[in-house]
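Undergrad: What follows is a single structure, and I will ask about it in a moment.
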2 protein chains.
Amino acid sequence: MGRREGQAINPDWEPVALTLSSFEADPLTQHGGRLASAAAQFPYAPPPWIDLSTGVNPRPYRAPAPSRFAIARLPDPTETAALEEAAAQAFGAPTADCVIAVPGSEAALRILARLLPAKTVAVAGPTYSSHAAAWRAAGAHVQSTSSRDLASADADVVIAVNPNNPDGYRHAPEILARVAERQAARGGWLIVDEAFGETAPELSVAGGTGQGLIVLRSFGKFYGLAGVRLGFVLADRHVIAALRSVFGDWPVSAAAIAAGRAAYPDAAWRARTQASLTRDAARLDRLLSRAGFETVGGTSLYRLCAADDAPRRFACLAERGILTRPFDLDPRWLRFGLPGSAAAWARLEQALEACS
Amino acid sequence: MGRREGQAINPDWEPVALTLSSFEADPLTQHGGRLASAAAQFPYAPPPWIDLSTGVNPRPYRAPAPSRFAIARLPDPTETAALEEAAAQAFGAPTADCVIAVPGSEAALRILARLLPAKTVAVAGPTYSSHAAAWRAAGAHVQSTSSRDLASADADVVIAVNPNNPDGYRHAPEILARVAERQAARGGWLIVDEAFGETAPELSVAGGTGQGLIVLRSFGKFYGLAGVRLGFVLADRHVIAALRSVFGDWPVSAAAIAAGRAAYPDAAWRARTQASLTRDAARLDRLLSRAGFETVGGTSLYRLCAADDAPRRFACLAERGILTRPFDLDPRWLRFGLPGSAAAWARLEQALEACS
């Protein structure tokens, strides 16, 4: 056969794509949620594991299961459109035409990197690693910029996560609007990843979606249903048309449609949950500070804190069946999601004390 | 703002992408499964509609629902890997390394068109319209070739659906292997879409996946769970790495993982269903032929037939609440999926008689 072993499909991105696999490096510093890896690394941890390594709400929305009928057939495009309509309303988007449902905002951010013809990308951070990885894999030149310097970033695509993961940095909507306008003027884009947008609705720029501004939203984090795989992209009609041409006519599952159509119009649950997450985050801060951690920031779905001996504490907590999220980027950091039950709070409190 | 209304993001593909929307043309000749459109067009049809417009098995696999725990969190990569392993075994793939799970083979075929650097594409057909549409949207020059002439197709990417949808054309695996070898020698690919592969396992080339050959598989059709959104791509490790870099770490939902991990190892259900679909397809052929249709072909999940007055018959059946699949490409054609219950068979038989 003609293509030689090791020969790249497309030399621009292939070698980078191959280094992306999360399984080659320490899986626990790549992304949260790697319970199987943690269990293998800490085989004597008492079950059940308490997974605080992600920013997923541990008390999920009680979503209706899709009907047997809905699971069996292709989702009717009118049902997908109704989901997009419900989401657009909840996000305060100008019209549902500028919203597309996608099977997770992770897939969307990676596909945007293949669709938008950008040569240079500036990512405000440190932030969620998939953005830089996706653009590098697509062959773009990626530079990091400090969150504070977003307004002066000079690149075809500028990316900000707002509020930021993991440090909770809050980009002011006015600055984002100005950057979006400047990006539109140069034929570029500002991508604002509002994966944790429900924790700080006052920061959202979803209402200003249009030329030069692309907003990503995630369903699974705030609604506690990450296994459903549902996210949204808000953008002008050109970008939406391009995304539709890639995701096709049935971008999300019947379960995603059923969950989103129930959850997004439920403003009471949203308000109640915003309040309870805020209370829980404050409670977590108190525990962490009592254990000698220094607070760095975060959102009400996760708290980032620091300690000189964070690697030791990470291992100590893991030996007690509590998985947190360490970072290669700063070994002093640990990120904690929220416990979801009284029992989990109690185990965390005890473990923090034992490991401090 | 700088970008003018109507200005393309990327002139190569944008204008085509905008014509792709299924909602601009008659939705019923674009894809099957448009029940809401049908109900709007035929408001006096007696409910419930019987949807025979797709090739989805009307008697689904009884898949276990995912646990509350699985829905709430990000799928662990080890679970996705176990799904890929089960699917690889069922497909007879050489190793699980050459298999990636994707949220529907539709999204995969569209994304392949963005990833593979092909300038010319030959699609054997007439066939499923998304292949040509996806490559046109990506800026490739797409030519149609007759299924019979596949072996002499001259293009960077050659595409065959096997068995073909809608006419059931059966490409011989030996010819496909030869074409794949030739494509590999020129640094190109043969994509074989085995969306209906379970209906003709003897035709599958999934075992020969490697350089030059990409195989697509669909979960939802044979297993009757199209709403779950699950498909697979089998390819060499370069293409798999590229797809992983686009779909990210959580390509499919917890529901898809639960369903696929139960269904693929269930060889007894697969064999039983292959037999019952064959019986049902023969029964459908008898009804259609008695009603004066001429048999064109198909698979055991759908039958394609022809009649000079097919448009009248389509409307007559729709007025009776039975949705079939007409084709712009040949107005004499109608495609029928299988009824799923004794009541549906009886209504179809009566309606075919009344409309013949």
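Identifiers in this document derive from the order of the structure tokens: chains are assigned A, B, ..., residues are numbered from 1 separately in each chain, and ligands are numbered from 1 in order of occurrence.
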As a PyMOL selection string, please: the residues near A:Val99 (cut-off 7 Å, only C-alpha atoms, same-chain neighbours under 6 positions excluded).
TA: chain A and resi 84+88+232-235
Undergrad: Neighbouring residues of A:Ala72 were defined as those with any atom within 7 Å, considering only C-alpha atoms; residues of the same chain fewer than 5 positions away were excluded. Please report them as a VMD selection string.
TA: chain B and resid 60 224 to 227
Undergrad: Based on the selection just made, write all heavy atoms of those residues as a PDB file, in the first residue's frame.
TA:
ATOM      1  N   PRO B  60     -36.850  -2.170  18.192  1.00  0.00           N
ATOM      2  CA  PRO B  60     -35.524  -1.839  18.725  1.00  0.00           C
ATOM      3  C   PRO B  60     -34.971  -2.889  19.669  1.00  0.00           C
ATOM      4  O   PRO B  60     -35.719  -3.634  20.308  1.00  0.00           O
ATOM      5  CB  PRO B  60     -35.748  -0.546  19.519  1.00  0.00           C
ATOM      6  CG  PRO B  60     -37.127  -0.099  19.230  1.00  0.00           C
ATOM      7  CD  PRO B  60     -37.888  -1.241  18.656  1.00  0.00           C
ATOM      8  N   GLY B 224     -32.345  -0.191  15.821  1.00  0.00           N
ATOM      9  CA  GLY B 224     -33.610   0.517  15.998  1.00  0.00           C
ATOM     10  C   GLY B 224     -33.553   1.606  17.055  1.00  0.00           C
ATOM     11  O   GLY B 224     -34.545   1.893  17.723  1.00  0.00           O
ATOM     12  N   LEU B 225     -32.389   2.233  17.224  1.00  0.00           N
ATOM     13  CA  LEU B 225     -32.212   3.246  18.276  1.00  0.00           C
ATOM     14  C   LEU B 225     -31.534   4.493  17.701  1.00  0.00           C
ATOM     15  O   LEU B 225     -30.537   4.996  18.231  1.00  0.00           O
ATOM     16  CB  LEU B 225     -31.391   2.657  19.429  1.00  0.00           C
ATOM     17  CG  LEU B 225     -32.091   1.527  20.207  1.00  0.00           C
ATOM     18  CD1 LEU B 225     -31.100   0.778  21.091  1.00  0.00           C
ATOM     19  CD2 LEU B 225     -33.243   2.073  21.045  1.00  0.00           C
ATOM     20  N   ALA B 226     -32.119   5.021  16.631  1.00  0.00           N
ATOM     21  CA  ALA B 226     -31.495   6.146  15.924  1.00  0.00           C
ATOM     22  C   ALA B 226     -31.425   7.399  16.795  1.00  0.00           C
ATOM     23  O   ALA B 226     -30.575   8.255  16.593  1.00  0.00           O
ATOM     24  CB  ALA B 226     -32.253   6.435  14.631  1.00  0.00           C
ATOM     25  N   GLY B 227     -32.334   7.503  17.786  1.00  0.00           N
ATOM     26  CA  GLY B 227     -32.348   8.681  18.658  1.00  0.00           C
ATOM     27  C   GLY B 227     -31.192   8.722  19.641  1.00  0.00           C
ATOM     28  O   GLY B 227     -30.949   9.749  20.277  1.00  0.00           O
TER      29      GLY B 227
END
Undergrad: Env of A:Ala172: 12 Å cut, atoms = only C-alpha atoms, seq-sep filter 5 positions within chain, self excluded. Answer as a PyMOL selection string.
TA: chain A and resi 147-148+150-151+160-164+177-179+192+200-205
Undergrad: Skipping near chain neighbours, those fewer than 2 positions away, what residues fall within 7 Å of B:Leu334 using only C-alpha atoms, listed as a PDB file with N, CA and C atoms, in the first residue's frame?
TA:
ATOM      1  N   LEU B 304     -36.953  -0.529  -1.982  1.00  0.00           N
ATOM      2  CA  LEU B 304     -37.163   0.524  -2.973  1.00  0.00           C
ATOM      3  C   LEU B 304     -37.997  -0.062  -4.102  1.00  0.00           C
ATOM      4  N   CYS B 305     -39.093   0.656  -4.433  1.00  0.00           N
ATOM      5  CA  CYS B 305     -39.906   0.167  -5.534  1.00  0.00           C
ATOM      6  C   CYS B 305     -40.316   1.338  -6.409  1.00  0.00           C
ATOM      7  N   ALA B 306     -40.905   1.032  -7.553  1.00  0.00           N
ATOM      8  CA  ALA B 306     -41.189   2.069  -8.540  1.00  0.00           C
ATOM      9  C   ALA B 306     -42.586   1.889  -9.104  1.00  0.00           C
ATOM     10  N   ALA B 310     -46.101   7.086  -8.789  1.00  0.00           N
ATOM     11  CA  ALA B 310     -45.597   7.083  -7.409  1.00  0.00           C
ATOM     12  C   ALA B 310     -45.954   8.362  -6.637  1.00  0.00           C
ATOM     13  N   THR B 324     -43.990   7.479   3.504  1.00  0.00           N
ATOM     14  CA  THR B 324     -42.933   6.766   2.781  1.00  0.00           C
ATOM     15  C   THR B 324     -41.919   7.790   2.296  1.00  0.00           C
ATOM     16  N   ARG B 325     -40.936   7.337   1.539  1.00  0.00           N
ATOM     17  CA  ARG B 325     -39.842   8.238   1.174  1.00  0.00           C
ATOM     18  C   ARG B 325     -39.769   8.415  -0.338  1.00  0.00           C
ATOM     19  N   PRO B 326     -40.184   9.590  -0.838  1.00  0.00           N
ATOM     20  CA  PRO B 326     -40.055   9.888  -2.266  1.00  0.00           C
ATOM     21  C   PRO B 326     -38.651  10.429  -2.562  1.00  0.00           C
ATOM     22  N   PHE B 327     -38.288  10.499  -3.819  1.00  0.00           N
ATOM     23  CA  PHE B 327     -36.956  10.958  -4.213  1.00  0.00           C
ATOM     24  C   PHE B 327     -37.069  11.965  -5.353  1.00  0.00           C
ATOM     25  N   ARG B 332     -40.377   8.261  -9.900  1.00  0.00           N
ATOM     26  CA  ARG B 332     -41.095   6.974  -9.938  1.00  0.00           C
ATOM     27  C   ARG B 332     -40.803   6.138  -8.691  1.00  0.00           C
ATOM     28  N   PHE B 336     -39.805   2.113   1.159  1.00  0.00           N
ATOM     29  CA  PHE B 336     -40.635   1.706   2.292  1.00  0.00           C
ATOM     30  C   PHE B 336     -39.763   1.071   3.364  1.00  0.00           C
TER      31      PHE B 336
END
Undergrad: Taking only C-alpha atoms into account, find every residue of chain B that has an atom no more than 7 Å from chain A, and write it out as number ranges by chain.
TA: B: 1-3, 9-10, 14, 17-18, 20, 33-36, 60, 70-76, 78, 106-107, 110-111, 134, 181, 184-187, 211, 224-229, 238, 241-242, 245-248, 252-254
Undergrad: If DSSP is run on the backbone, what residues of stretch 187-237 of chain A are strand (DSSP E)? A reply as an mmCIF file with C-alpha atoms, in the first residue's frame would be ideal.
TA:
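Writing done, so here's states19.cif:
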data_model
loop_
_atom_site.group_PDB
_atom_site.id
_atom_site.type_symbol
_atom_site.label_atom_id
_atom_site.label_comp_id
_atom_site.auth_asym_id
_atom_site.auth_seq_id
_atom_site.Cartn_x
_atom_site.Cartn_y
_atom_site.Cartn_z
ATOM 1 C CA TRP A 189 -13.615 36.327 15.881
ATOM 2 C CA LEU A 190 -13.807 36.469 19.639
ATOM 3 C CA ILE A 191 -14.867 33.114 21.074
ATOM 4 C CA VAL A 192 -16.302 33.381 24.580
ATOM 5 C CA ASP A 193 -16.644 30.012 26.261
ATOM 6 C CA GLU A 194 -19.450 30.407 28.798
ATOM 7 C CA LEU A 213 -18.610 37.069 18.412
ATOM 8 C CA ILE A 214 -19.090 33.356 19.022
ATOM 9 C CA VAL A 215 -20.408 32.148 22.383
ATOM 10 C CA LEU A 216 -20.200 28.559 23.627
ATOM 11 C CA ARG A 217 -22.574 27.216 26.258
ATOM 12 C CA SER A 218 -22.560 23.896 28.063
ATOM 13 C CA GLY A 231 -23.870 22.141 24.309
ATOM 14 C CA PHE A 232 -24.654 25.144 22.150
ATOM 15 C CA VAL A 233 -22.898 27.573 19.876
ATOM 16 C CA LEU A 234 -24.260 31.088 19.422
#
Undergrad: As a ChimeraX atom specification, please: all residues of stretch 155-220 of chain A that backbone DSSP puts in helix (DSSP H, G or I).
TA: /A:173-185,197-199,201-203,206-208
Undergrad: Just checking: using only C-alpha atoms, which residue out of A:Tyr264, A:Tyr169, A:Trp345, A:Phe91 ends up closest to A:Gly297?
TA: A:Tyr169
Undergrad: My list of candidates is B:Ala153, B:Cys355, B:Ala45, B:Leu28. Which is closest to B:Glu319 when distances are computed with only C-alpha atoms?
TA: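 Smallest distance to B:Glu319 is found for B:Ala45.
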